[in-house]
Each structure stands twice: as structure tokens, then as C-alpha cells.
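Q: Dropping the structure in here first, questions after.
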Amino acid sequence: MSNEYLATGFACVDDRDDAKPYADCLTLLDSLPYFQEYKQRSYELLALEPGLSVLEVGCGLGDDARRMAEKVAPDGLIIGMDASAKLIGDASRLAPSNPLIHWVQADARRLPFAPESFDRCRVDRTLQHIAQPEAAIREMARVLKPGGILLAYDNDWGTFTINANPENVTQIIEGLWRDSITNRWIGRNLKRLFVDAGLNEVSIEPSVSVMTEFETADQVYNIIQTMDKAVAMGLITPSIAESWLADVKELSQVGLFLCTLTTFTVTGIKSENPEKGWL
């Protein structure tokens, strides 16, 4: 089992000894029905069509970039951008011959693109890991063309739940994971940040991720590692941890396990007639 802790490691994948757990997590999430559904919905909200230029910020392995390339073909453009050179390398190897996609390593808070370069911009579960996410949103607004659409999907970790007993132990484990995320409330703050960046017609769609198998939830949320952290910190005893984990696994075996998270998809449009010098 990997010792990588996904809650903190995604913020600095290139600093990790082993990037594989992060790639494996992204691959797993991309295979789950809920994630497939919200991703498809995001493409619809972006109103993708042939010829559009799209910036994907925090592209990871490039799964969304490759799917969006099909929608903007034959003469569109997709820029897949990520802060991690390791993930960009993986993405480029997965799409070595697509002339519509270009890969760029860069910081979302300092985009290396001219103002008004893209018709669309999409950022998916990346802002939760970025300090000063408002700077990244302003940058994405800056590089959008007038009339362009910015879409962000992200989590609200204040809503993270696991149904296990005793309640106080579950709350400790939920809290340790939640508080390890750089921006634990980014989902609920997205609309305000969009408005602050000068975007118009800002709309928000909530949804809920539901996992009913403990093994899957553990792969995504490092539940066992978080429990071990709680023991190491003296927050719970080893015997209580063992009992709690047994309860969770039993719930999963009989189909009663539940792990949920509320998420938000937010869209905004850059003004067609921005004031000179705006952003």
C-alpha cells in the first residue's frame, strides 16, 4: 500500500517520491459513473463546438482534454495545463499524436497566455489544492475572450460524510481528511470568487458524490491512512480504530456503507464589452 496521502499530495505532485498513486486515483475517478456524468454535464455547459479554443487548467492525465478535443474538432484547440511535470508527461504519452491538443506545465495563478486567448476555460477539482484560488480564477478570466465561458467544478469538504459508529470517531476521521485539503470550502465559495473576478451570469449547480463501497472510498479518500493518523496523534486508541474499521467494512459487505460529498459546478461569462484595461 502506498504511503502517499492524496489530500495533501495533489498540491505538489512533483515533490512526491512516487507520482503513481495520484495517476491511479485520477484514473479510478474517471472510471466512476458519477464522475463521468458531471464531466459530460460540464462539456454541455461549456457549449463546446467545432473550432473553439479551450484551456483546461489542472488537466492531470488529460482525460477531459482528450474528450473535449473530439468536440472542437476538426479545427479547434485544446491546451491541457498542469502544475505537475510528471502528470503532463503522463498526459502527453496518452495522447501522443493528437494535433489539436498541446500540453503546458504552468502555475494556474500565473498563466503564460495573452489576454483574451481562449473561448472556453475549464478547471476541475484543482482549485481545492491551490493557495490563493482567487488569483487562479482572475487569471482564467483574464485569458478568456469576451463572451467566453469559465467553468469550475470543485468540492465542499465541509459536507464530507462517512456513515460509521461511534459518531465521535467518525467525526475525527472526517475532520482530519477535510482539514488536510488546502481549500476545504472552495465549492461553496466558487460563485463569490467568480463574481469578484468580474464574470457575469454566474450560475451554480450542486451535486452529490455517493460511494457505497468501502474499498473505492478508501482508494479515493485514504480512510485507513487517516484512521492511522488519528491513532498516531493520540486522538483515538488502536483498539477503537480496529473496531471502527471493522464496522465500516461490515457495512460495506452488507451494502450499507455510505460516503458522500457535496460538489458544485459554477459557470460565468466574460463581458462582451469589458472596460479598457479590465483584468
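Ligands are numbered from 1 in the order shown, chains are lettered A, B, ... in the order of the C-alpha cells, and residues start at 1 in each chain.
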Counting only C-alpha atoms, what are the residues of region 89-178 of chain A within 7 Å of region 191-212 of chain A, and for each of them which pair of atoms is the nearest and at what distance in Å, to one decimal? Sort the table by chain and rising number, as CSV.
A:
residue,atom,partner,partner_atom,distance
A:Glu134,CA,A:Leu193,CA,6.1
A:Ile137,CA,A:Ala197,CA,6.8
A:Arg138,CA,A:Ala197,CA,5.2
A:Ala141,CA,A:Ala197,CA,6.9
Q: Residues at most 12 Å from Ala114 (chain A), counting only C-alpha atoms, excluding those fewer than 5 positions away in the same chain, as an MDAnalysis selection string?
A: chainID A and resid 139:145 279
Q: Could you take the residues named above and write them with N, CA and C atoms, as a PDB file, in the first residue's frame?
A:
ATOM      1  N   GLU A 139      -6.907  34.907 -13.231  1.00  0.00           N
ATOM      2  CA  GLU A 139      -6.072  34.609 -14.391  1.00  0.00           C
ATOM      3  C   GLU A 139      -6.874  33.928 -15.502  1.00  0.00           C
ATOM      4  N   MET A 140      -7.730  33.008 -15.123  1.00  0.00           N
ATOM      5  CA  MET A 140      -8.551  32.347 -16.134  1.00  0.00           C
ATOM      6  C   MET A 140      -9.511  33.332 -16.786  1.00  0.00           C
ATOM      7  N   ALA A 141     -10.055  34.248 -16.003  1.00  0.00           N
ATOM      8  CA  ALA A 141     -10.916  35.278 -16.575  1.00  0.00           C
ATOM      9  C   ALA A 141     -10.120  36.183 -17.514  1.00  0.00           C
ATOM     10  N   ARG A 142      -8.893  36.466 -17.143  1.00  0.00           N
ATOM     11  CA  ARG A 142      -8.052  37.337 -17.982  1.00  0.00           C
ATOM     12  C   ARG A 142      -7.821  36.748 -19.359  1.00  0.00           C
ATOM     13  N   VAL A 143      -7.581  35.428 -19.434  1.00  0.00           N
ATOM     14  CA  VAL A 143      -7.230  34.831 -20.726  1.00  0.00           C
ATOM     15  C   VAL A 143      -8.455  34.431 -21.541  1.00  0.00           C
ATOM     16  N   LEU A 144      -9.651  34.618 -20.984  1.00  0.00           N
ATOM     17  CA  LEU A 144     -10.873  34.357 -21.740  1.00  0.00           C
ATOM     18  C   LEU A 144     -11.158  35.487 -22.716  1.00  0.00           C
ATOM     19  N   LYS A 145     -11.682  35.136 -23.870  1.00  0.00           N
ATOM     20  CA  LYS A 145     -12.167  36.144 -24.809  1.00  0.00           C
ATOM     21  C   LYS A 145     -13.497  36.705 -24.309  1.00  0.00           C
ATOM     22  N   LEU A 279      -9.082  43.647 -15.856  1.00  0.00           N
ATOM     23  CA  LEU A 279      -8.234  42.490 -15.577  1.00  0.00           C
ATOM     24  C   LEU A 279      -6.871  42.633 -16.234  1.00  0.00           C
TER      25      LEU A 279
END
Q: Give the answer as one residue: which of A:Ser42, A:Ser53, A:Thr216, A:Ser180 has the shortest atom-to-atom distance to Val123 (chain A), using only C-alpha atoms?
A: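 Using only C-alpha atoms, Val123 (chain A) sits closest to A:Ser42.
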Q: Excluding region 159-168 of chain A and any residue of its chain fewer than 2 positions from it, enumerate the residues within 7 Å of it, using only C-alpha atoms, and give them as a ChimeraX atom specification.
A: /A:156-157,170-172,174,244,247-248,257-262
Q: Quick one: everything within 6 Å of Leu150 (chain A), counting only C-alpha atoms, minus sequence neighbours fewer than 2 positions away in the same chain. Send it as a list in words.
A: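 Listed by chain and then number, they are Arg120, Cys121, Arg122, Thr267 and Gly268 of chain A.
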Q: Could you give me, as a VMD selection string, each residue of region 8-138 of chain A that DSSP assigns to alpha helix (DSSP H) when run on this structure's backbone?
A: chain A and resid 8 to 9 20 to 31 33 to 45 63 to 72 85 to 94 133 to 138
Q: Would you mind reading off the distance between CA of Thr126 (chain A) and CA of Ala7 (chain A), one decimal, in Å?
A: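 About the pair CA of Thr126 (chain A) and CA of Ala7 (chain A): they are 11.8 Å apart.
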Q: Between A:Lys229, A:Tyr43, A:Val13, A:Asn98, which is the closest to Ser84 (chain A) once you count only C-alpha atoms?
A: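 Closest residue, counting only C-alpha atoms: A:Val13.
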Q: So, counting only C-alpha atoms, which residue among A:Ile101, A:Ala69, A:Leu55, A:Val169 is closest to Glu116 (chain A)?
A: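 Smallest distance to Glu116 (chain A) is found for A:Leu55.
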Q: Expressed in Å to a single decimal, how great is the separation between CA of Leu77 (chain A) and CA of Ala136 (chain A)?
A: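 Distance reported for this atom pair: 21.1 Å.
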Q: Fewer than 5 positions away in the same chain doesn't count, so skip those; otherwise give me all residues within 8 Å of Asp64 (chain A), counting only C-alpha atoms, as a list in words.
A: Lys39, Glu56 and Cys59 of chain A
